[in-house]
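**Student:** One structure, pasted below without further comment.
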Amino acid sequence: MYDLSFFRQNLDSIALRLRDRGFALDVESFRQLDAERRAALTESEQLKAQRKTESQEIGKLIKSGQDASQRQQKVREMGDRATALEERAKELDEKYRQLLAGVPNMPHPSVPTGKSADDNVEVRRWGTPPHFAFAPKAHWDLGPELGILDFERAAKITGARFAVYWGLGAKLERALINFMLDVHTQHHGYTEVLPPFMANTASFYGTGQLPKFAEDLFKLENTDYYLIPTAEVPVTNLYRDETLDLDKLPIKLCAYTPCFRSEAGSYGRDVRGIIRQHQFQKVELVKFSPPETSYIELEALTADAEDILQRLGLAYRTVVLSTGDIGASAAKTYDIEVWLPGLNGYKEISSCSNFEAYQARRASIRAKSGSAKAEFVHTLNGSGLAVGRTWLAILENYQQADGSVVVPEALRPYLGVEVIRGA
């Protein structure tokens, strides 16, 4: 969400910036709504002034004993008209705000201009993809062969894009969650929080998923609740409608949650394996930052997510998303992409974004120091990491010729074994 005054005064320049991300801002609709609102308010104020003058004259007439009934009726009609105009101005203002709620954030000047993911820019790589002396398998073959991943029973229980994990497969998922939370809390300075896995409409509006992306969500029938697509929603909204202590920022939180996504529009993409599921686990990093240091915090948050892959010895690359690929609420986003032998390429495992004040303004999250005026904070978040994609990356990158999988050293204390073998 934008500051209303800033948006009204900078429509043309904002439209130009948003054009870079493929969004056509309907400038004329905003201008027309604003003009109608101002006209209604102006006429209302004029009627109030006339009403006040007329009331004074009526008082004089009544005092002198003259009949003022017709002028009194005229004053009542002025009052009714002024009230109706005020209501009309409120309706137009609400319509303006609703239209504004669908306008994406402006990209930061450092974001590369582009039309799609093809225009994303690689900023660094870490590690070397493994070289195999045999033909490596994809996780959708490895997992079932090891007896730790089951798609058929998941489809029987629920449907497509779900999975059942067995034995060490289930334990590996749990180990990764604990490992990620431990690293972020013990080494990176985050505070762990366990939020609800459902959130209300106001929360989804605050982070920007509603009203525009309702089709991507699972809504619970006869309630105001949706299943969360990421912990970003409940964790960011922990401070909705609050004013924080500016001197205590940044606030750094991490959370494990299951995530639920309808994957509307993704049918036909990543249909094999567990790359794109309706339900998956994730550890999320969320920050509340002073505006002047939020881009420093973005670099640090991205490094914290990368550190998980480094500790696991998984090769990855980091790219900055172009204006044509960045999410609607974000001002700048880095994608971290892990190497997957099964795809013979890199696949996104974390998106780390700075939303600047876009979410904070929607969710009314401010901060102040002493008697200074409160200002909107900047919010940031990123996956630290997507657990399922880390799980499959370990299987594919650490597979052996005999079909077993070596467990990365960092996970052995959590998993209790050095090698995952078939039954």
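Chain labels follow the order of the structure tokens: the first chain is A, the next B, and so on; residue numbering restarts at 1 in every chain, and ligands are counted from 1 in their shown order.
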Determine, counting only C-alpha atoms, which protein, DNA and RNA residues have an atom within 9 Å of an atom of Asn120 (chain A); residues of the same chain fewer than 3 positions away are not included. Present the result as a PyMOL selection string.

**Tutor:** chain A and resi 112-114+116-117+319-325

**Student:** Please produce an output containing N, CA and C atoms for each residue in the selection, written as an mmCIF file, in the first residue's frame.

**Tutor:**
data_model
loop_
_atom_site.group_PDB
_atom_site.id
_atom_site.type_symbol
_atom_site.label_atom_id
_atom_site.label_comp_id
_atom_site.auth_asym_id
_atom_site.auth_seq_id
_atom_site.Cartn_x
_atom_site.Cartn_y
_atom_site.Cartn_z
ATOM 1 N N PRO A 112 16.925 -5.007 -11.591
ATOM 2 C CA PRO A 112 17.104 -4.972 -13.049
ATOM 3 C C PRO A 112 15.767 -4.970 -13.783
ATOM 4 N N THR A 113 15.683 -4.184 -14.831
ATOM 5 C CA THR A 113 14.465 -4.114 -15.631
ATOM 6 C C THR A 113 14.384 -5.334 -16.544
ATOM 7 N N GLY A 114 13.218 -5.954 -16.570
ATOM 8 C CA GLY A 114 13.050 -7.131 -17.416
ATOM 9 C C GLY A 114 11.594 -7.524 -17.517
ATOM 10 N N SER A 116 10.606 -11.014 -17.570
ATOM 11 C CA SER A 116 10.325 -12.330 -17.003
ATOM 12 C C SER A 116 11.541 -12.823 -16.222
ATOM 13 N N ALA A 117 11.452 -14.088 -15.780
ATOM 14 C CA ALA A 117 12.558 -14.693 -15.050
ATOM 15 C C ALA A 117 13.821 -14.798 -15.902
ATOM 16 N N VAL A 319 20.274 -15.092 -7.327
ATOM 17 C CA VAL A 319 19.935 -14.168 -8.401
ATOM 18 C C VAL A 319 19.054 -13.057 -7.846
ATOM 19 N N VAL A 320 19.153 -11.875 -8.424
ATOM 20 C CA VAL A 320 18.233 -10.786 -8.090
ATOM 21 C C VAL A 320 17.148 -10.781 -9.148
ATOM 22 N N LEU A 321 15.901 -10.772 -8.707
ATOM 23 C CA LEU A 321 14.783 -10.865 -9.642
ATOM 24 C C LEU A 321 14.595 -9.561 -10.410
ATOM 25 N N SER A 322 14.239 -9.698 -11.662
ATOM 26 C CA SER A 322 13.979 -8.531 -12.494
ATOM 27 C C SER A 322 12.589 -7.968 -12.190
ATOM 28 N N THR A 323 12.303 -6.805 -12.721
ATOM 29 C CA THR A 323 11.000 -6.179 -12.505
ATOM 30 C C THR A 323 9.854 -7.031 -13.042
ATOM 31 N N GLY A 324 10.135 -7.881 -14.019
ATOM 32 C CA GLY A 324 9.091 -8.718 -14.598
ATOM 33 C C GLY A 324 8.843 -9.997 -13.837
ATOM 34 N N ASP A 325 9.641 -10.280 -12.813
ATOM 35 C CA ASP A 325 9.513 -11.546 -12.089
ATOM 36 C C ASP A 325 9.268 -11.345 -10.602
#

**Student:** For Leu343 (chain A), work out the shell of residues within 10 Å, counting only C-alpha atoms and skipping chain neighbours fewer than 5 positions away, then give it as a ChimeraX atom specification.

**Tutor:** /A:137-139,396

**Student:** Dump as CSV the rows for residues of region 36-70 of chain A within 12 Å of region 93-108 of chain A: closest atom pair and distance in Å with one decimal, only C-alpha atoms counted, ordered by chain and rising residue number.

**Tutor:**
residue,atom,partner,partner_atom,distance
A:Glu36,CA,A:Asp93,CA,9.6
A:Arg37,CA,A:Asp93,CA,6.8
A:Arg38,CA,A:Asp93,CA,9.7
A:Ala40,CA,A:Asp93,CA,10.9
A:Leu41,CA,A:Asp93,CA,10.8

**Student:** Could you please take those selected residues and save C-alpha atoms as an mmCIF file, in the first residue's frame?

**Tutor:**
data_model
loop_
_atom_site.group_PDB
_atom_site.id
_atom_site.type_symbol
_atom_site.label_atom_id
_atom_site.label_comp_id
_atom_site.auth_asym_id
_atom_site.auth_seq_id
_atom_site.Cartn_x
_atom_site.Cartn_y
_atom_site.Cartn_z
ATOM 1 C CA GLU A 36 -15.178 13.481 -7.807
ATOM 2 C CA ARG A 37 -14.190 13.135 -4.149
ATOM 3 C CA ARG A 38 -12.719 16.629 -4.015
ATOM 4 C CA ALA A 40 -18.105 16.446 -3.266
ATOM 5 C CA LEU A 41 -16.057 17.696 -0.318
#

**Student:** Find the residues around Leu246 (chain A) up to 6 Å (only C-alpha atoms counted), leave out those fewer than 5 positions away in its own chain, and share them as a list in words.

**Tutor:** Ala367, Lys368 and Ser369 of chain A

**Student:** Just the selected residues (C-alpha atoms), exported as a CSV table (one decimal), in the first residue's frame, please.

**Tutor:**
chain,number,residue,atom,x,y,z
A,367,ALA,CA,7.8,2.4,15.2
A,368,LYS,CA,8.9,5.5,17.2
A,369,SER,CA,11.6,6.6,19.6

**Student:** Set out as a Markdown table a contact list for region 139-161 of chain A and region 168-191 of chain A with a cut-off of 12 Å, giving each residue of region 139-161 of chain A that qualifies its closest atom pair and distance in Å to one decimal, counting only C-alpha atoms, ordered by chain and rising residue number.

**Tutor:**
| residue | atom | partner | partner_atom | distance |
| --- | --- | --- | --- | --- |
| A:His139 | CA | A:Gly169 | CA | 11.6 |
| A:Leu142 | CA | A:Gly169 | CA | 11.1 |
| A:Gly143 | CA | A:Gly169 | CA | 7.9 |
| A:Pro144 | CA | A:Gly169 | CA | 10.0 |
| A:Glu145 | CA | A:Gly169 | CA | 11.7 |
| A:Leu146 | CA | A:Gly169 | CA | 8.9 |
| A:Gly147 | CA | A:Gly169 | CA | 8.2 |
| A:Ile148 | CA | A:Gly169 | CA | 4.6 |
| A:Leu149 | CA | A:Gly169 | CA | 6.6 |
| A:Asp150 | CA | A:Gly169 | CA | 9.9 |

**Student:** Filtering to N, CA and C atoms, could you give me those residues as a PDB file, in the first residue's frame?

**Tutor:**
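Ended up saving to selection01.pdb:
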ATOM      1  N   HIS A 139      14.837 -37.388  -7.339  1.00  0.00           N
ATOM      2  CA  HIS A 139      14.322 -37.789  -6.024  1.00  0.00           C
ATOM      3  C   HIS A 139      13.023 -38.582  -6.127  1.00  0.00           C
ATOM      4  N   LEU A 142      14.505 -41.999  -6.454  1.00  0.00           N
ATOM      5  CA  LEU A 142      15.304 -42.373  -5.280  1.00  0.00           C
ATOM      6  C   LEU A 142      14.435 -42.609  -4.046  1.00  0.00           C
ATOM      7  N   GLY A 143      13.536 -41.648  -3.750  1.00  0.00           N
ATOM      8  CA  GLY A 143      12.735 -41.745  -2.524  1.00  0.00           C
ATOM      9  C   GLY A 143      11.921 -43.023  -2.444  1.00  0.00           C
ATOM     10  N   PRO A 144      11.110 -43.326  -3.475  1.00  0.00           N
ATOM     11  CA  PRO A 144      10.342 -44.581  -3.434  1.00  0.00           C
ATOM     12  C   PRO A 144      11.228 -45.816  -3.377  1.00  0.00           C
ATOM     13  N   GLU A 145      12.361 -45.818  -4.090  1.00  0.00           N
ATOM     14  CA  GLU A 145      13.248 -46.980  -4.076  1.00  0.00           C
ATOM     15  C   GLU A 145      13.840 -47.206  -2.689  1.00  0.00           C
ATOM     16  N   LEU A 146      14.084 -46.125  -1.951  1.00  0.00           N
ATOM     17  CA  LEU A 146      14.601 -46.250  -0.581  1.00  0.00           C
ATOM     18  C   LEU A 146      13.488 -46.562   0.418  1.00  0.00           C
ATOM     19  N   GLY A 147      12.242 -46.464  -0.022  1.00  0.00           N
ATOM     20  CA  GLY A 147      11.118 -46.736   0.861  1.00  0.00           C
ATOM     21  C   GLY A 147      10.813 -45.599   1.818  1.00  0.00           C
ATOM     22  N   ILE A 148      11.245 -44.372   1.472  1.00  0.00           N
ATOM     23  CA  ILE A 148      11.036 -43.237   2.378  1.00  0.00           C
ATOM     24  C   ILE A 148      10.087 -42.180   1.810  1.00  0.00           C
ATOM     25  N   LEU A 149       9.637 -42.373   0.561  1.00  0.00           N
ATOM     26  CA  LEU A 149       8.754 -41.404  -0.077  1.00  0.00           C
ATOM     27  C   LEU A 149       7.668 -42.161  -0.829  1.00  0.00           C
ATOM     28  N   ASP A 150       6.408 -41.766  -0.600  1.00  0.00           N
ATOM     29  CA  ASP A 150       5.280 -42.526  -1.127  1.00  0.00           C
ATOM     30  C   ASP A 150       4.261 -41.559  -1.743  1.00  0.00           C
TER      31      ASP A 150
END

**Student:** Mind checking DSSP for region 145-219 of chain A and telling me the helix (DSSP H, G or I) residues as JSON, numbers by chain?

**Tutor:** {"A": [145, 146, 152, 153, 154, 155, 156, 157, 167, 168, 169, 170, 171, 172, 173, 174, 175, 176, 177, 178, 179, 180, 181, 182, 183, 184, 185, 186, 201, 202, 203, 204, 205, 206, 207, 214, 215, 216]}

**Student:** Give me the residues near Phe280 (chain A) as a PyMOL selection string, where near means some atom within 8 Å (using only C-alpha atoms) and where sequence neighbours in that chain fewer than 5 positions away do not count.

**Tutor:** chain A and resi 258-260+387-388

**Student:** Output N, CA and C atoms for every residue in that selection, as a tab-separated table (two decimals), in the first residue's frame.

**Tutor:**
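part-v2.tsv, freshly written:
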chain	number	residue	atom	x	y	z
A	258	PRO	N	3.79	-25.60	8.53
A	258	PRO	CA	3.37	-26.16	7.24
A	258	PRO	C	2.80	-25.04	6.40
A	259	CYS	N	2.83	-25.20	5.10
A	259	CYS	CA	2.33	-24.18	4.18
A	259	CYS	C	1.37	-24.84	3.20
A	260	PHE	N	0.32	-24.10	2.82
A	260	PHE	CA	-0.72	-24.66	1.98
A	260	PHE	C	-0.97	-23.73	0.80
A	387	VAL	N	11.72	-26.63	3.38
A	387	VAL	CA	12.25	-27.90	3.91
A	387	VAL	C	12.18	-29.01	2.87
A	388	GLY	N	11.05	-29.12	2.17
A	388	GLY	CA	10.91	-30.20	1.20
A	388	GLY	C	11.93	-30.13	0.09

**Student:** Just how far from CA of Ala360 (chain A) is CA of Gly382 (chain A), in Å to one decimal?

**Tutor:**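 CA of Gly382 (chain A) sits 16.3 Å away from CA of Ala360 (chain A).
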
**Student:** Residues near region 44-59 of chain A, anyone? I mean within 12 Å using only C-alpha atoms, not counting same-chain ones fewer than 2 positions away, as an MDAnalysis selection string.

**Tutor:** chainID A and resid 37:42 61:89

**Student:** When DSSP is applied to the backbone of this structure, which of region 187-333 of chain A are assigned strand (DSSP E)? Write them out as JSON, numbers by chain.

**Tutor:** {"A": [191, 192, 198, 199, 200, 218, 219, 225, 226, 227, 242, 243, 244, 245, 251, 252, 253, 254, 255, 256, 257, 258, 259, 260, 279, 280, 281, 282, 283, 284, 285, 286, 287, 288, 289, 316, 317, 318, 319, 320, 332, 333]}

**Student:** Write out, as a short mmCIF file (atom, residue, chain, number, x, y, z; two decimals), in the first residue's frame, the residues just selected, with N, CA and C atoms.

**Tutor:**
data_model
loop_
_atom_site.label_atom_id
_atom_site.label_comp_id
_atom_site.auth_asym_id
_atom_site.auth_seq_id
_atom_site.Cartn_x
_atom_site.Cartn_y
_atom_site.Cartn_z
N THR A 191 14.63 -14.92 16.93
CA THR A 191 13.80 -15.46 18.00
C THR A 191 12.76 -16.38 17.38
N GLU A 192 12.67 -17.60 17.88
CA GLU A 192 11.71 -18.56 17.31
C GLU A 192 10.31 -18.25 17.79
N MET A 198 -3.45 -20.95 10.57
CA MET A 198 -4.56 -20.30 9.87
C MET A 198 -4.51 -18.81 10.21
N ALA A 199 -5.05 -17.99 9.31
CA ALA A 199 -5.07 -16.55 9.56
C ALA A 199 -6.34 -15.97 8.96
N ASN A 200 -6.74 -14.80 9.46
CA ASN A 200 -7.98 -14.18 9.00
C ASN A 200 -7.74 -13.25 7.82
N PHE A 218 -6.26 -21.55 0.26
CA PHE A 218 -7.30 -22.48 0.68
C PHE A 218 -8.10 -21.80 1.79
N LYS A 219 -9.38 -21.55 1.54
CA LYS A 219 -10.24 -20.91 2.55
C LYS A 219 -11.07 -21.97 3.27
N TYR A 225 -11.28 -17.71 8.03
CA TYR A 225 -9.91 -18.22 8.09
C TYR A 225 -9.46 -18.81 6.76
N TYR A 226 -8.18 -18.60 6.48
CA TYR A 226 -7.50 -19.25 5.36
C TYR A 226 -6.31 -20.04 5.91
N LEU A 227 -5.97 -21.15 5.27
CA LEU A 227 -4.72 -21.85 5.59
C LEU A 227 -3.57 -21.00 5.08
N GLU A 242 0.15 -2.06 15.69
CA GLU A 242 0.97 -1.75 16.85
C GLU A 242 2.05 -0.73 16.48
N THR A 243 2.54 -0.02 17.51
CA THR A 243 3.67 0.88 17.35
C THR A 243 4.83 0.32 18.16
N LEU A 244 5.91 -0.03 17.48
CA LEU A 244 7.07 -0.67 18.09
C LEU A 244 8.05 0.37 18.60
N ASP A 245 8.97 -0.08 19.43
CA ASP A 245 10.04 0.78 19.93
C ASP A 245 11.14 0.80 18.87
N ILE A 251 13.76 -6.26 14.64
CA ILE A 251 13.24 -7.46 15.27
C ILE A 251 13.41 -8.58 14.27
N LYS A 252 13.99 -9.70 14.72
CA LYS A 252 14.29 -10.82 13.83
C LYS A 252 13.58 -12.08 14.36
N LEU A 253 12.65 -12.60 13.60
CA LEU A 253 11.87 -13.76 14.02
C LEU A 253 12.01 -14.89 13.00
N CYS A 254 11.95 -16.12 13.49
CA CYS A 254 11.93 -17.27 12.58
C CYS A 254 10.83 -18.22 13.05
N ALA A 255 10.24 -18.92 12.11
CA ALA A 255 9.13 -19.79 12.43
C ALA A 255 9.08 -20.99 11.50
N TYR A 256 8.80 -22.14 12.09
CA TYR A 256 8.46 -23.32 11.29
C TYR A 256 6.94 -23.38 11.17
N THR A 257 6.45 -23.62 9.96
CA THR A 257 5.02 -23.91 9.75
C THR A 257 4.86 -24.81 8.55
N PRO A 258 3.79 -25.60 8.53
CA PRO A 258 3.37 -26.16 7.24
C PRO A 258 2.80 -25.04 6.40
N CYS A 259 2.83 -25.20 5.10
CA CYS A 259 2.33 -24.18 4.18
C CYS A 259 1.37 -24.84 3.20
N PHE A 260 0.32 -24.10 2.82
CA PHE A 260 -0.72 -24.66 1.98
C PHE A 260 -0.97 -23.73 0.80
N GLN A 279 0.86 -28.98 0.02
CA GLN A 279 1.24 -28.87 1.43
C GLN A 279 2.73 -29.15 1.54
N PHE A 280 3.44 -28.27 2.23
CA PHE A 280 4.87 -28.48 2.45
C PHE A 280 5.29 -27.74 3.70
N GLN A 281 6.48 -28.06 4.19
CA GLN A 281 7.00 -27.43 5.40
C GLN A 281 8.05 -26.37 5.04
N LYS A 282 8.13 -25.33 5.86
CA LYS A 282 9.09 -24.29 5.60
C LYS A 282 9.50 -23.62 6.90
N VAL A 283 10.75 -23.18 6.95
CA VAL A 283 11.21 -22.32 8.03
C VAL A 283 11.35 -20.92 7.44
N GLU A 284 10.66 -19.96 8.04
CA GLU A 284 10.60 -18.61 7.50
C GLU A 284 11.35 -17.63 8.39
N LEU A 285 12.01 -16.66 7.76
CA LEU A 285 12.69 -15.58 8.46
C LEU A 285 11.94 -14.29 8.20
N VAL A 286 11.65 -13.54 9.25
CA VAL A 286 10.91 -12.28 9.13
C VAL A 286 11.62 -11.20 9.93
N LYS A 287 11.75 -10.01 9.33
CA LYS A 287 12.40 -8.89 10.01
C LYS A 287 11.51 -7.65 9.95
N PHE A 288 11.61 -6.86 11.03
CA PHE A 288 11.00 -5.53 11.09
C PHE A 288 12.16 -4.56 11.28
N SER A 289 12.36 -3.67 10.32
CA SER A 289 13.57 -2.87 10.28
C SER A 289 13.27 -1.38 10.18
N TYR A 316 24.76 -23.77 -4.77
CA TYR A 316 23.62 -22.91 -5.10
C TYR A 316 24.10 -21.67 -5.83
N ARG A 317 23.16 -20.94 -6.36
CA ARG A 317 23.44 -19.61 -6.90
C ARG A 317 22.36 -18.65 -6.40
N THR A 318 22.70 -17.37 -6.33
CA THR A 318 21.76 -16.35 -5.89
C THR A 318 21.54 -15.37 -7.04
N VAL A 319 20.27 -15.09 -7.33
CA VAL A 319 19.94 -14.17 -8.40
C VAL A 319 19.05 -13.06 -7.85
N VAL A 320 19.15 -11.88 -8.42
CA VAL A 320 18.23 -10.79 -8.09
C VAL A 320 17.15 -10.78 -9.15
N LYS A 332 12.31 -5.46 -3.67
CA LYS A 332 13.50 -6.13 -4.19
C LYS A 332 13.53 -7.55 -3.64
N THR A 333 13.92 -8.50 -4.48
CA THR A 333 13.94 -9.91 -4.09
C THR A 333 15.18 -10.61 -4.62
#

**Student:** Which of these, A:Arg240, A:Arg276, A:Arg19, A:Arg31, has the shortest distance to Ile365 (chain A) once you count only C-alpha atoms?

**Tutor:**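 Of the candidates, the smallest distance to Ile365 (chain A) is held by A:Arg240.
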
**Student:** Pick out the residues sitting within 9 Å of Gly313 (chain A), and hand them over as JSON, numbers by chain; count only C-alpha atoms, and ignore anything fewer than 3 positions along from it in its own chain.

**Tutor:** {"A": [127, 308, 309, 310, 408, 409, 410]}
